[in-house]
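Asker: One file is attached below, start-v6.txt, containing compact mmCIF, N, CA and C atoms.
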# COMPACT_ATOMS: atom_id res chain seq x y z
N MET B 235 -212.12 13.93 -91.41
CA MET B 235 -211.39 12.94 -90.67
C MET B 235 -210.66 12.02 -91.64
N ALA B 236 -209.48 11.61 -91.28
CA ALA B 236 -208.64 10.80 -92.15
C ALA B 236 -209.11 9.34 -92.15
N GLU B 237 -208.81 8.67 -93.25
CA GLU B 237 -209.18 7.26 -93.36
C GLU B 237 -208.14 6.41 -92.63
N ILE B 238 -208.62 5.41 -91.91
CA ILE B 238 -207.72 4.54 -91.16
C ILE B 238 -207.13 3.51 -92.12
N ILE B 239 -205.80 3.35 -92.07
CA ILE B 239 -205.10 2.44 -92.97
C ILE B 239 -204.39 1.37 -92.14
N ASN B 240 -204.60 0.12 -92.51
CA ASN B 240 -203.90 -0.97 -91.85
C ASN B 240 -202.54 -1.12 -92.52
N LEU B 241 -201.48 -0.75 -91.82
CA LEU B 241 -200.14 -0.73 -92.40
C LEU B 241 -199.66 -2.14 -92.76
N ASN B 242 -200.05 -3.14 -91.98
CA ASN B 242 -199.65 -4.52 -92.31
C ASN B 242 -200.25 -4.95 -93.65
N ARG B 243 -201.48 -4.58 -93.88
CA ARG B 243 -202.15 -4.94 -95.13
C ARG B 243 -201.48 -4.24 -96.31
N VAL B 244 -201.12 -2.98 -96.13
CA VAL B 244 -200.46 -2.23 -97.19
C VAL B 244 -199.08 -2.82 -97.48
N ARG B 245 -198.33 -3.16 -96.44
CA ARG B 245 -197.00 -3.74 -96.61
C ARG B 245 -197.07 -5.08 -97.34
N LYS B 246 -198.02 -5.91 -96.95
CA LYS B 246 -198.15 -7.22 -97.60
C LYS B 246 -198.61 -7.07 -99.05
N ALA B 247 -199.49 -6.14 -99.32
CA ALA B 247 -199.94 -5.91 -100.70
C ALA B 247 -198.78 -5.43 -101.56
N ARG B 248 -197.95 -4.55 -101.02
CA ARG B 248 -196.79 -4.06 -101.76
C ARG B 248 -195.82 -5.22 -102.04
N ALA B 249 -195.61 -6.09 -101.07
CA ALA B 249 -194.72 -7.24 -101.26
C ALA B 249 -195.27 -8.18 -102.32
N ARG B 250 -196.58 -8.39 -102.32
CA ARG B 250 -197.21 -9.25 -103.34
C ARG B 250 -197.04 -8.66 -104.72
N ASP B 251 -197.22 -7.35 -104.85
CA ASP B 251 -197.07 -6.69 -106.14
C ASP B 251 -195.63 -6.79 -106.65
N GLU B 252 -194.67 -6.63 -105.75
CA GLU B 252 -193.26 -6.74 -106.15
C GLU B 252 -192.93 -8.17 -106.57
N ALA B 253 -193.44 -9.15 -105.83
CA ALA B 253 -193.19 -10.55 -106.18
C ALA B 253 -193.82 -10.88 -107.52
N ARG B 254 -195.01 -10.35 -107.77
CA ARG B 254 -195.68 -10.58 -109.05
C ARG B 254 -194.89 -9.97 -110.20
N ALA B 255 -194.33 -8.79 -109.99
CA ALA B 255 -193.53 -8.13 -111.03
C ALA B 255 -192.24 -8.92 -111.29
N ASP B 256 -191.62 -9.42 -110.22
CA ASP B 256 -190.41 -10.22 -110.39
C ASP B 256 -190.71 -11.50 -111.16
N ALA B 257 -191.83 -12.15 -110.84
CA ALA B 257 -192.20 -13.38 -111.52
C ALA B 257 -192.46 -13.12 -113.00
N GLU B 258 -193.10 -12.01 -113.30
CA GLU B 258 -193.37 -11.67 -114.71
C GLU B 258 -192.06 -11.43 -115.46
N ALA B 259 -191.12 -10.75 -114.82
CA ALA B 259 -189.83 -10.50 -115.46
C ALA B 259 -189.08 -11.82 -115.70
N ASN B 260 -189.15 -12.74 -114.73
CA ASN B 260 -188.50 -14.04 -114.91
C ASN B 260 -189.14 -14.84 -116.03
N ARG B 261 -190.47 -14.79 -116.13
CA ARG B 261 -191.15 -15.50 -117.22
C ARG B 261 -190.73 -14.94 -118.57
N ALA B 262 -190.60 -13.65 -118.66
CA ALA B 262 -190.18 -13.03 -119.92
C ALA B 262 -188.72 -13.37 -120.23
N ARG B 263 -187.89 -13.42 -119.20
CA ARG B 263 -186.47 -13.68 -119.41
C ARG B 263 -186.20 -15.13 -119.79
N HIS B 264 -186.88 -16.05 -119.15
CA HIS B 264 -186.56 -17.45 -119.34
C HIS B 264 -187.46 -18.16 -120.34
N GLY B 265 -188.57 -17.57 -120.69
CA GLY B 265 -189.43 -18.13 -121.73
C GLY B 265 -190.09 -19.43 -121.35
N ARG B 266 -190.15 -20.33 -122.32
CA ARG B 266 -190.87 -21.58 -122.15
C ARG B 266 -189.98 -22.68 -121.59
N THR B 267 -190.62 -23.74 -121.11
CA THR B 267 -189.87 -24.87 -120.59
C THR B 267 -189.32 -25.68 -121.76
N ARG B 268 -188.39 -26.56 -121.45
CA ARG B 268 -187.79 -27.40 -122.49
C ARG B 268 -188.85 -28.28 -123.15
N ALA B 269 -189.76 -28.82 -122.36
CA ALA B 269 -190.82 -29.67 -122.90
C ALA B 269 -191.71 -28.88 -123.86
N GLU B 270 -192.02 -27.65 -123.53
CA GLU B 270 -192.84 -26.82 -124.42
C GLU B 270 -192.11 -26.54 -125.73
N ARG B 271 -190.80 -26.25 -125.65
CA ARG B 271 -190.04 -26.00 -126.88
C ARG B 271 -189.99 -27.24 -127.75
N GLU B 272 -189.75 -28.41 -127.14
CA GLU B 272 -189.67 -29.64 -127.91
C GLU B 272 -191.02 -29.99 -128.52
N ALA B 273 -192.11 -29.79 -127.78
CA ALA B 273 -193.44 -30.07 -128.30
C ALA B 273 -193.75 -29.16 -129.49
N ALA B 274 -193.38 -27.90 -129.40
CA ALA B 274 -193.61 -26.97 -130.51
C ALA B 274 -192.79 -27.38 -131.72
N GLY B 275 -191.56 -27.82 -131.51
CA GLY B 275 -190.72 -28.28 -132.62
C GLY B 275 -191.29 -29.52 -133.29
N LYS B 276 -191.79 -30.46 -132.50
CA LYS B 276 -192.42 -31.67 -133.07
C LYS B 276 -193.66 -31.30 -133.87
N ALA B 277 -194.47 -30.40 -133.35
CA ALA B 277 -195.68 -29.98 -134.05
C ALA B 277 -195.32 -29.29 -135.37
N ARG B 278 -194.27 -28.48 -135.34
CA ARG B 278 -193.84 -27.78 -136.56
C ARG B 278 -193.34 -28.78 -137.60
N ASP B 279 -192.56 -29.80 -137.16
CA ASP B 279 -192.05 -30.81 -138.09
C ASP B 279 -193.19 -31.65 -138.67
N THR B 280 -194.14 -32.01 -137.83
CA THR B 280 -195.29 -32.79 -138.30
C THR B 280 -196.09 -32.01 -139.33
N ALA B 281 -196.31 -30.74 -139.07
CA ALA B 281 -197.06 -29.91 -140.02
C ALA B 281 -196.30 -29.78 -141.34
N ALA B 282 -194.98 -29.64 -141.28
CA ALA B 282 -194.19 -29.53 -142.51
C ALA B 282 -194.25 -30.82 -143.31
N ARG B 283 -194.14 -31.98 -142.64
CA ARG B 283 -194.23 -33.26 -143.34
C ARG B 283 -195.62 -33.44 -143.96
N HIS B 284 -196.64 -33.05 -143.23
CA HIS B 284 -198.01 -33.16 -143.74
C HIS B 284 -198.19 -32.29 -144.99
N LEU B 285 -197.68 -31.10 -144.95
CA LEU B 285 -197.79 -30.19 -146.09
C LEU B 285 -196.99 -30.73 -147.28
N ASP B 286 -195.78 -31.23 -147.04
CA ASP B 286 -194.96 -31.78 -148.13
C ASP B 286 -195.61 -33.01 -148.74
N GLY B 287 -196.32 -33.78 -147.94
CA GLY B 287 -197.00 -34.97 -148.45
C GLY B 287 -198.15 -34.63 -149.38
N HIS B 288 -198.71 -33.46 -149.26
CA HIS B 288 -199.84 -33.06 -150.09
C HIS B 288 -199.42 -32.15 -151.25
N ARG B 289 -198.15 -31.92 -151.39
CA ARG B 289 -197.65 -31.03 -152.44
C ARG B 289 -197.73 -31.75 -153.80
N ARG B 290 -198.13 -31.05 -154.79
CA ARG B 290 -198.21 -31.61 -156.15
C ARG B 290 -196.91 -31.35 -156.87
N GLU B 291 -196.48 -32.35 -157.63
CA GLU B 291 -195.27 -32.19 -158.43
C GLU B 291 -195.66 -31.67 -159.80
N LEU B 292 -194.95 -30.67 -160.27
CA LEU B 292 -195.24 -30.06 -161.56
C LEU B 292 -194.23 -30.54 -162.58
N ASP B 293 -194.70 -30.89 -163.77
CA ASP B 293 -193.82 -31.30 -164.86
C ASP B 293 -193.33 -30.07 -165.59
N ASP B 294 -192.07 -30.07 -165.99
CA ASP B 294 -191.50 -28.93 -166.70
C ASP B 294 -191.68 -29.05 -168.21
N ASP B 295 -192.39 -30.07 -168.73
CA ASP B 295 -192.57 -30.27 -170.16
C ASP B 295 -193.38 -29.19 -170.79
Can the structure in the file be given as structure tokens, please?
Answerer:
Amino acid sequence: MAEIINLNRVRKARARDEARADAEANRARHGRTRAEREAAGKARDTAARHLDGHRRELDDD
């Protein structure tokens, strides 16, 4: 005997999967938010200044 399938449930599950795939493609296409990019840039600048502050100067004598 065949298994009974609820077609509404299958249709909705397929729509959810398609929406999830579209959302993933949009996230990959558009990347991070402006705030995230700016925060990463500030963190990178702070780390560079911190590293430069601890750098030792070498004499060429």
Asker: Would you mind reading off the distance between atom N of B:Leu241 and atom CA of B:Asn260, one decimal, in Å?
Answerer: 29.6 Å
Asker: What separation in Å, quoted to one decimal, exists between atom CA of B:Arg245 and atom CA of B:Ala257?
Answerer: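 According to the coordinates, atom CA of B:Arg245 and atom CA of B:Ala257 are separated by 18.4 Å.
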Asker: In chain B, what's alpha helix (DSSP H) per DSSP? Answer as number ranges by chain?
Answerer: B: 241-264, 268-287
Asker: Would you compute the distance between atom CA of B:Thr267 and atom CA of B:Arg248? Give it in Å to one decimal.
Answerer: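 Atom CA of B:Thr267 sits 28.9 Å away from atom CA of B:Arg248.
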Asker: Could you add the missing atoms to stretch 241-252 of chain B, up to all heavy atoms, and return them as a PDB file, in the frame of the given file?
Answerer:
ATOM      1  N   LEU B 241    -201.480  -0.750 -91.820  1.00  0.00           N
ATOM      2  CA  LEU B 241    -200.140  -0.730 -92.400  1.00  0.00           C
ATOM      3  C   LEU B 241    -199.660  -2.140 -92.760  1.00  0.00           C
ATOM      4  O   LEU B 241    -198.920  -2.314 -93.734  1.00  0.00           O
ATOM      5  CB  LEU B 241    -199.153  -0.048 -91.460  1.00  0.00           C
ATOM      6  CG  LEU B 241    -199.433   1.432 -91.197  1.00  0.00           C
ATOM      7  CD1 LEU B 241    -198.422   1.990 -90.219  1.00  0.00           C
ATOM      8  CD2 LEU B 241    -199.430   2.225 -92.493  1.00  0.00           C
ATOM      9  N   ASN B 242    -200.050  -3.140 -91.980  1.00  0.00           N
ATOM     10  CA  ASN B 242    -199.650  -4.520 -92.310  1.00  0.00           C
ATOM     11  C   ASN B 242    -200.250  -4.950 -93.650  1.00  0.00           C
ATOM     12  O   ASN B 242    -199.584  -5.579 -94.460  1.00  0.00           O
ATOM     13  CB  ASN B 242    -200.089  -5.494 -91.221  1.00  0.00           C
ATOM     14  CG  ASN B 242    -199.215  -5.411 -89.998  1.00  0.00           C
ATOM     15  OD1 ASN B 242    -198.028  -5.120 -90.114  1.00  0.00           O
ATOM     16  ND2 ASN B 242    -199.799  -5.663 -88.834  1.00  0.00           N
ATOM     17  N   ARG B 243    -201.480  -4.580 -93.880  1.00  0.00           N
ATOM     18  CA  ARG B 243    -202.150  -4.940 -95.130  1.00  0.00           C
ATOM     19  C   ARG B 243    -201.480  -4.240 -96.310  1.00  0.00           C
ATOM     20  O   ARG B 243    -201.280  -4.841 -97.372  1.00  0.00           O
ATOM     21  CB  ARG B 243    -203.625  -4.560 -95.048  1.00  0.00           C
ATOM     22  CG  ARG B 243    -204.468  -5.245 -96.069  1.00  0.00           C
ATOM     23  CD  ARG B 243    -205.922  -4.935 -95.868  1.00  0.00           C
ATOM     24  NE  ARG B 243    -206.432  -5.650 -94.696  1.00  0.00           N
ATOM     25  CZ  ARG B 243    -207.649  -5.504 -94.201  1.00  0.00           C
ATOM     26  NH1 ARG B 243    -208.483  -4.655 -94.753  1.00  0.00           N
ATOM     27  NH2 ARG B 243    -208.043  -6.197 -93.152  1.00  0.00           N
ATOM     28  N   VAL B 244    -201.120  -2.980 -96.130  1.00  0.00           N
ATOM     29  CA  VAL B 244    -200.460  -2.230 -97.190  1.00  0.00           C
ATOM     30  C   VAL B 244    -199.080  -2.820 -97.480  1.00  0.00           C
ATOM     31  O   VAL B 244    -198.691  -2.994 -98.639  1.00  0.00           O
ATOM     32  CB  VAL B 244    -200.329  -0.733 -96.782  1.00  0.00           C
ATOM     33  CG1 VAL B 244    -199.447   0.016 -97.757  1.00  0.00           C
ATOM     34  CG2 VAL B 244    -201.702  -0.101 -96.686  1.00  0.00           C
ATOM     35  N   ARG B 245    -198.330  -3.160 -96.440  1.00  0.00           N
ATOM     36  CA  ARG B 245    -197.000  -3.740 -96.610  1.00  0.00           C
ATOM     37  C   ARG B 245    -197.070  -5.080 -97.340  1.00  0.00           C
ATOM     38  O   ARG B 245    -196.296  -5.338 -98.264  1.00  0.00           O
ATOM     39  CB  ARG B 245    -196.351  -3.934 -95.235  1.00  0.00           C
ATOM     40  CG  ARG B 245    -194.976  -4.561 -95.278  1.00  0.00           C
ATOM     41  CD  ARG B 245    -194.399  -4.756 -93.886  1.00  0.00           C
ATOM     42  NE  ARG B 245    -195.291  -5.399 -92.944  1.00  0.00           N
ATOM     43  CZ  ARG B 245    -195.499  -6.726 -92.872  1.00  0.00           C
ATOM     44  NH1 ARG B 245    -194.862  -7.533 -93.676  1.00  0.00           N
ATOM     45  NH2 ARG B 245    -196.322  -7.223 -91.975  1.00  0.00           N
ATOM     46  N   LYS B 246    -198.020  -5.910 -96.950  1.00  0.00           N
ATOM     47  CA  LYS B 246    -198.150  -7.220 -97.600  1.00  0.00           C
ATOM     48  C   LYS B 246    -198.610  -7.070 -99.050  1.00  0.00           C
ATOM     49  O   LYS B 246    -198.147  -7.809 -99.925  1.00  0.00           O
ATOM     50  CB  LYS B 246    -199.121  -8.101 -96.822  1.00  0.00           C
ATOM     51  CG  LYS B 246    -198.555  -8.566 -95.503  1.00  0.00           C
ATOM     52  CD  LYS B 246    -199.540  -9.430 -94.754  1.00  0.00           C
ATOM     53  CE  LYS B 246    -198.959  -9.887 -93.440  1.00  0.00           C
ATOM     54  NZ  LYS B 246    -199.886 -10.777 -92.707  1.00  0.00           N
ATOM     55  N   ALA B 247    -199.490  -6.140 -99.320  1.00  0.00           N
ATOM     56  CA  ALA B 247    -199.940  -5.910-100.700  1.00  0.00           C
ATOM     57  C   ALA B 247    -198.780  -5.430-101.560  1.00  0.00           C
ATOM     58  O   ALA B 247    -198.634  -5.860-102.710  1.00  0.00           O
ATOM     59  CB  ALA B 247    -201.077  -4.892-100.714  1.00  0.00           C
ATOM     60  N   ARG B 248    -197.950  -4.550-101.020  1.00  0.00           N
ATOM     61  CA  ARG B 248    -196.790  -4.060-101.760  1.00  0.00           C
ATOM     62  C   ARG B 248    -195.820  -5.220-102.040  1.00  0.00           C
ATOM     63  O   ARG B 248    -195.291  -5.341-103.151  1.00  0.00           O
ATOM     64  CB  ARG B 248    -196.079  -2.963-100.993  1.00  0.00           C
ATOM     65  CG  ARG B 248    -194.920  -2.364-101.775  1.00  0.00           C
ATOM     66  CD  ARG B 248    -194.197  -1.266-101.009  1.00  0.00           C
ATOM     67  NE  ARG B 248    -195.106  -0.213-100.592  1.00  0.00           N
ATOM     68  CZ  ARG B 248    -195.123   0.317 -99.373  1.00  0.00           C
ATOM     69  NH1 ARG B 248    -194.266  -0.092 -98.460  1.00  0.00           N
ATOM     70  NH2 ARG B 248    -195.968   1.273 -99.063  1.00  0.00           N
ATOM     71  N   ALA B 249    -195.610  -6.090-101.070  1.00  0.00           N
ATOM     72  CA  ALA B 249    -194.720  -7.240-101.260  1.00  0.00           C
ATOM     73  C   ALA B 249    -195.270  -8.180-102.320  1.00  0.00           C
ATOM     74  O   ALA B 249    -194.522  -8.706-103.150  1.00  0.00           O
ATOM     75  CB  ALA B 249    -194.530  -7.965 -99.934  1.00  0.00           C
ATOM     76  N   ARG B 250    -196.580  -8.390-102.320  1.00  0.00           N
ATOM     77  CA  ARG B 250    -197.210  -9.250-103.340  1.00  0.00           C
ATOM     78  C   ARG B 250    -197.040  -8.660-104.720  1.00  0.00           C
ATOM     79  O   ARG B 250    -196.726  -9.372-105.678  1.00  0.00           O
ATOM     80  CB  ARG B 250    -198.699  -9.438-103.043  1.00  0.00           C
ATOM     81  CG  ARG B 250    -199.003 -10.590-102.126  1.00  0.00           C
ATOM     82  CD  ARG B 250    -200.488 -10.925-102.144  1.00  0.00           C
ATOM     83  NE  ARG B 250    -201.339  -9.779-101.848  1.00  0.00           N
ATOM     84  CZ  ARG B 250    -201.712  -9.406-100.631  1.00  0.00           C
ATOM     85  NH1 ARG B 250    -201.288 -10.069 -99.575  1.00  0.00           N
ATOM     86  NH2 ARG B 250    -202.500  -8.363-100.450  1.00  0.00           N
ATOM     87  N   ASP B 251    -197.220  -7.350-104.850  1.00  0.00           N
ATOM     88  CA  ASP B 251    -197.070  -6.690-106.140  1.00  0.00           C
ATOM     89  C   ASP B 251    -195.630  -6.790-106.650  1.00  0.00           C
ATOM     90  O   ASP B 251    -195.393  -7.030-107.839  1.00  0.00           O
ATOM     91  CB  ASP B 251    -197.488  -5.228-106.060  1.00  0.00           C
ATOM     92  CG  ASP B 251    -198.987  -5.068-105.869  1.00  0.00           C
ATOM     93  OD1 ASP B 251    -199.731  -6.031-106.149  1.00  0.00           O
ATOM     94  OD2 ASP B 251    -199.409  -3.974-105.435  1.00  0.00           O
ATOM     95  N   GLU B 252    -194.670  -6.630-105.750  1.00  0.00           N
ATOM     96  CA  GLU B 252    -193.260  -6.740-106.150  1.00  0.00           C
ATOM     97  C   GLU B 252    -192.930  -8.170-106.570  1.00  0.00           C
ATOM     98  O   GLU B 252    -192.228  -8.379-107.561  1.00  0.00           O
ATOM     99  CB  GLU B 252    -192.347  -6.300-105.008  1.00  0.00           C
ATOM    100  CG  GLU B 252    -192.374  -4.809-104.763  1.00  0.00           C
ATOM    101  CD  GLU B 252    -191.565  -4.401-103.540  1.00  0.00           C
ATOM    102  OE1 GLU B 252    -190.942  -5.277-102.908  1.00  0.00           O
ATOM    103  OE2 GLU B 252    -191.567  -3.204-103.230  1.00  0.00           O
TER     104      GLU B 252
END
